[in-house]
Amino acid sequence: MTTQPDDAEGLWAELDRWADAGRTLDLWWRDDDACDETSALDRLLALSGRYDLPVALAVVPATATPALVRRLRGTRAAVLQHGWRHANHARLGGRAVECGGDRPVEAVLAEFRLGRERLAALFAARFHPVMVPPWNRIERAVAERLPGEGYRALSGFGPPAFGPGVPNEINADLDVLRWKGGARFAGAQKLERTMREALAARREGGIDRPFGLLTHHLSHDEDTWAFLDHFVPQLAAHPAVRWCDVASLIPPGDDA
């Protein structure tokens, strides 16, 4: 498999334009739904370790296990908070959401506190107070309360959605899976085209924010793994790319 297109408008040509312009793309990697040690997690961490590229794991607090804590020892993986239980509380007819839905805001925040306390106790300094909403959805009334709860960043998907009044948004931008009809590989050409278009828009618009790669290790098929085995090191090796640890993207504050 090759991920480098021949046409001059390809992703790699766009990254060359960034380099020629003296611009640097801060790129980071988020992987969702971790809770236990699995063969899929082993594969993800092996990929991360092979190229010494940090990955931020969005961990489900209610189901996180001591085995996961042990498995992460000796790795560069960071831990973020993935809601509380990854449970759907959508209103009748609404899209799946845990960070909002049919419950009072205070009930949602109470779960957040439980989750944050549990992750901090399990993972210590590896844990960062960043909320990653399950399904990448969080209602504004909940998001606006995050700073008061001690969260220093919010990580959803796509362009920033909230602005002032919520924590800094460090979103993911490229999901390697498509979800309609069941999780499966999105396809190399689609992913390269999507990233190229996003980077061209940023370069032309003077937009400067981190770009997030999003994976879901528990849902990867062999095509997804094969793509990542080529794509990740190619991205990291490009002179326009600076692969970032998530901690470097979070505003300073007290993690306690």
# chains A, B, ... in the order shown; residues from 1 in each chain; ligands from 1
$ select_by_dssp --residues "stretch 133-247 of chain A" --states "strand (DSSP E)" --output "number ranges by chain"
A: 153-154, 168-169, 174-175, 177-178, 184-185, 211-215, 241-243
$ residues_around --residues "stretch 165-180 of chain A" --least-positions-apart "4" --cutoff "7 Å" --atoms "only C-alpha atoms" --output "list of chain:residue names"
A:Ala143, A:Glu144, A:Leu146, A:Pro147, A:Tyr151, A:Arg152, A:Ala153, A:Leu154, A:Ser155, A:Gly156, A:Phe157, A:Gly158, A:Pro160, A:Arg184, A:Phe185, A:Ala186, A:Leu191, A:Met195, A:Pro210, A:Phe211, A:Gly212, A:Leu213, A:Leu214, A:Thr215
$ residues_around --residues "A:Arg118" --least-positions-apart "6" --cutoff "9 Å" --atoms "only C-alpha atoms" --output "list in words"
Pro61, Ala62 and Ala64 of chain A
$ write_last_selection --atoms "N, CA, C and O atoms" --output "tab-separated table (two decimals), in the first residue's frame"
chain	number	residue	atom	x	y	z
A	61	PRO	N	-13.78	6.34	32.26
A	61	PRO	CA	-13.43	6.19	33.68
A	61	PRO	C	-14.12	5.05	34.40
A	61	PRO	O	-13.49	4.34	35.19
A	62	ALA	N	-15.42	4.88	34.17
A	62	ALA	CA	-16.19	3.90	34.95
A	62	ALA	C	-15.72	2.48	34.72
A	62	ALA	O	-15.88	1.62	35.60
A	64	ALA	N	-12.44	1.70	33.46
A	64	ALA	CA	-10.98	1.60	33.39
A	64	ALA	C	-10.48	0.58	34.42
A	64	ALA	O	-10.94	0.56	35.56
$ select_by_dssp --residues "stretch 6-189 of chain A" --states "alpha helix (DSSP H)" --output "PyMOL selection string"
chain A and resi 11-20+39-50+66-72+105-123+140-143+188-189
$ closest_residue --among "A:Ala107, A:Ala96, A:Val130, A:Ala124" --to "A:Ala58" --atoms "only C-alpha atoms"
A:Val130
$ closest_residue --among "A:Asp26, A:Asp245, A:Asp32, A:Glu117" --to "A:Asp208" --atoms "only C-alpha atoms"
A:Asp26
$ residues_around --residues "A:Thr38" --least-positions-apart "3" --cutoff "12 Å" --atoms "only C-alpha atoms" --output "list of chain:residue names"
A:Asp33, A:Ala34, A:Cys35, A:Leu41, A:Asp42, A:Arg43, A:Leu44, A:Leu45, A:Thr65, A:Ala67, A:Leu68, A:Arg71, A:Leu72, A:His217, A:Leu218, A:Ser219
$ decode --residues "stretch 8-45 of chain A" --atoms "N, CA, C and O atoms" --output "compact mmCIF listing (two decimals), in the first residue's frame"
# COMPACT_ATOMS: atom_id res chain seq x y z
N ALA A 8 -0.05 16.57 -8.31
CA ALA A 8 0.61 17.69 -7.63
C ALA A 8 -0.25 18.31 -6.55
O ALA A 8 0.25 19.08 -5.72
N GLU A 9 -1.53 18.00 -6.53
CA GLU A 9 -2.43 18.57 -5.53
C GLU A 9 -2.60 17.64 -4.32
O GLU A 9 -3.47 17.83 -3.51
N GLY A 10 -1.73 16.64 -4.24
CA GLY A 10 -1.84 15.66 -3.16
C GLY A 10 -1.49 16.21 -1.79
O GLY A 10 -0.97 17.31 -1.64
N LEU A 11 -1.77 15.40 -0.79
CA LEU A 11 -1.49 15.79 0.59
C LEU A 11 -0.03 16.15 0.79
O LEU A 11 0.29 17.15 1.45
N TRP A 12 0.86 15.35 0.25
CA TRP A 12 2.28 15.58 0.50
C TRP A 12 2.75 16.85 -0.19
O TRP A 12 3.62 17.57 0.33
N ALA A 13 2.17 17.15 -1.36
CA ALA A 13 2.49 18.41 -2.02
C ALA A 13 1.99 19.59 -1.19
O ALA A 13 2.66 20.63 -1.11
N GLU A 14 0.83 19.43 -0.55
CA GLU A 14 0.31 20.50 0.31
C GLU A 14 1.22 20.71 1.51
O GLU A 14 1.52 21.84 1.89
N LEU A 15 1.70 19.63 2.09
CA LEU A 15 2.63 19.77 3.21
C LEU A 15 3.94 20.41 2.75
O LEU A 15 4.55 21.18 3.50
N ASP A 16 4.35 20.11 1.52
CA ASP A 16 5.53 20.78 0.98
C ASP A 16 5.30 22.29 0.92
O ASP A 16 6.23 23.09 1.17
N ARG A 17 4.10 22.70 0.57
CA ARG A 17 3.78 24.14 0.52
C ARG A 17 3.91 24.76 1.91
O ARG A 17 4.36 25.89 2.06
N TRP A 18 3.47 24.01 2.92
CA TRP A 18 3.63 24.49 4.29
C TRP A 18 5.11 24.69 4.61
O TRP A 18 5.51 25.72 5.17
N ALA A 19 5.91 23.71 4.26
CA ALA A 19 7.34 23.81 4.54
C ALA A 19 7.96 24.98 3.78
O ALA A 19 8.76 25.75 4.34
N ASP A 20 7.59 25.13 2.52
CA ASP A 20 8.14 26.22 1.71
C ASP A 20 7.76 27.59 2.28
O ASP A 20 8.52 28.57 2.14
N ALA A 21 6.58 27.65 2.91
CA ALA A 21 6.12 28.91 3.49
C ALA A 21 6.65 29.13 4.90
O ALA A 21 6.34 30.14 5.54
N GLY A 22 7.44 28.19 5.38
CA GLY A 22 7.99 28.31 6.73
C GLY A 22 6.97 28.03 7.82
O GLY A 22 7.17 28.42 8.97
N ARG A 23 5.89 27.34 7.47
CA ARG A 23 4.85 27.04 8.46
C ARG A 23 5.02 25.63 9.01
O ARG A 23 5.52 24.73 8.32
N THR A 24 4.61 25.45 10.25
CA THR A 24 4.69 24.15 10.91
C THR A 24 3.29 23.71 11.32
O THR A 24 2.53 24.49 11.89
N LEU A 25 2.98 22.46 11.03
CA LEU A 25 1.70 21.88 11.45
C LEU A 25 1.92 21.12 12.75
O LEU A 25 2.63 20.11 12.79
N ASP A 26 1.31 21.61 13.84
CA ASP A 26 1.33 20.88 15.11
C ASP A 26 0.29 19.77 15.02
O ASP A 26 -0.91 20.02 14.94
N LEU A 27 0.77 18.54 15.03
CA LEU A 27 -0.11 17.38 14.85
C LEU A 27 -0.09 16.54 16.11
O LEU A 27 0.97 16.31 16.71
N TRP A 28 -1.28 16.09 16.54
CA TRP A 28 -1.35 15.23 17.72
C TRP A 28 -2.29 14.08 17.43
O TRP A 28 -3.04 14.08 16.45
N TRP A 29 -2.23 13.07 18.30
CA TRP A 29 -2.93 11.80 18.05
C TRP A 29 -3.79 11.47 19.25
O TRP A 29 -3.31 11.36 20.38
N ARG A 30 -5.10 11.31 18.99
CA ARG A 30 -6.05 10.90 20.02
C ARG A 30 -6.67 9.58 19.64
O ARG A 30 -7.08 9.38 18.50
N ASP A 31 -6.75 8.67 20.59
CA ASP A 31 -7.41 7.38 20.38
C ASP A 31 -8.48 7.20 21.44
O ASP A 31 -8.21 7.37 22.63
N ASP A 32 -9.69 6.86 21.01
CA ASP A 32 -10.84 6.83 21.92
C ASP A 32 -11.22 5.43 22.39
O ASP A 32 -10.96 4.43 21.71
N ASP A 33 -11.86 5.40 23.57
CA ASP A 33 -12.58 4.24 24.12
C ASP A 33 -11.72 3.24 24.86
O ASP A 33 -12.17 2.12 25.13
N ALA A 34 -10.51 3.58 25.24
CA ALA A 34 -9.69 2.65 26.01
C ALA A 34 -10.31 2.42 27.39
O ALA A 34 -10.86 3.33 28.00
N CYS A 35 -10.23 1.20 27.87
CA CYS A 35 -10.65 0.90 29.24
C CYS A 35 -9.90 -0.28 29.84
O CYS A 35 -9.82 -0.42 31.06
N ASP A 36 -9.30 -1.12 28.98
CA ASP A 36 -8.64 -2.32 29.48
C ASP A 36 -7.48 -2.68 28.56
O ASP A 36 -7.36 -2.18 27.44
N GLU A 37 -6.64 -3.58 29.04
CA GLU A 37 -5.57 -4.12 28.21
C GLU A 37 -6.17 -5.09 27.20
O GLU A 37 -6.91 -6.01 27.57
N THR A 38 -5.90 -4.89 25.93
CA THR A 38 -6.40 -5.75 24.86
C THR A 38 -5.32 -5.93 23.81
O THR A 38 -4.34 -5.17 23.76
N SER A 39 -5.51 -6.90 22.93
CA SER A 39 -4.55 -7.08 21.83
C SER A 39 -4.57 -5.88 20.90
O SER A 39 -3.53 -5.51 20.33
N ALA A 40 -5.73 -5.25 20.73
CA ALA A 40 -5.82 -4.06 19.88
C ALA A 40 -5.03 -2.91 20.49
O ALA A 40 -4.34 -2.16 19.78
N LEU A 41 -5.12 -2.75 21.81
CA LEU A 41 -4.33 -1.71 22.47
C LEU A 41 -2.84 -2.00 22.34
O LEU A 41 -2.04 -1.09 22.11
N ASP A 42 -2.47 -3.27 22.49
CA ASP A 42 -1.07 -3.64 22.30
C ASP A 42 -0.59 -3.20 20.92
O ASP A 42 0.53 -2.68 20.77
N ARG A 43 -1.41 -3.39 19.93
CA ARG A 43 -1.04 -3.04 18.56
C ARG A 43 -0.90 -1.53 18.40
O ARG A 43 0.02 -1.04 17.73
N LEU A 44 -1.80 -0.79 19.02
CA LEU A 44 -1.73 0.67 18.97
C LEU A 44 -0.46 1.17 19.64
O LEU A 44 0.26 2.02 19.10
N LEU A 45 -0.17 0.66 20.84
CA LEU A 45 1.00 1.11 21.57
C LEU A 45 2.29 0.69 20.87
O LEU A 45 3.29 1.41 20.93
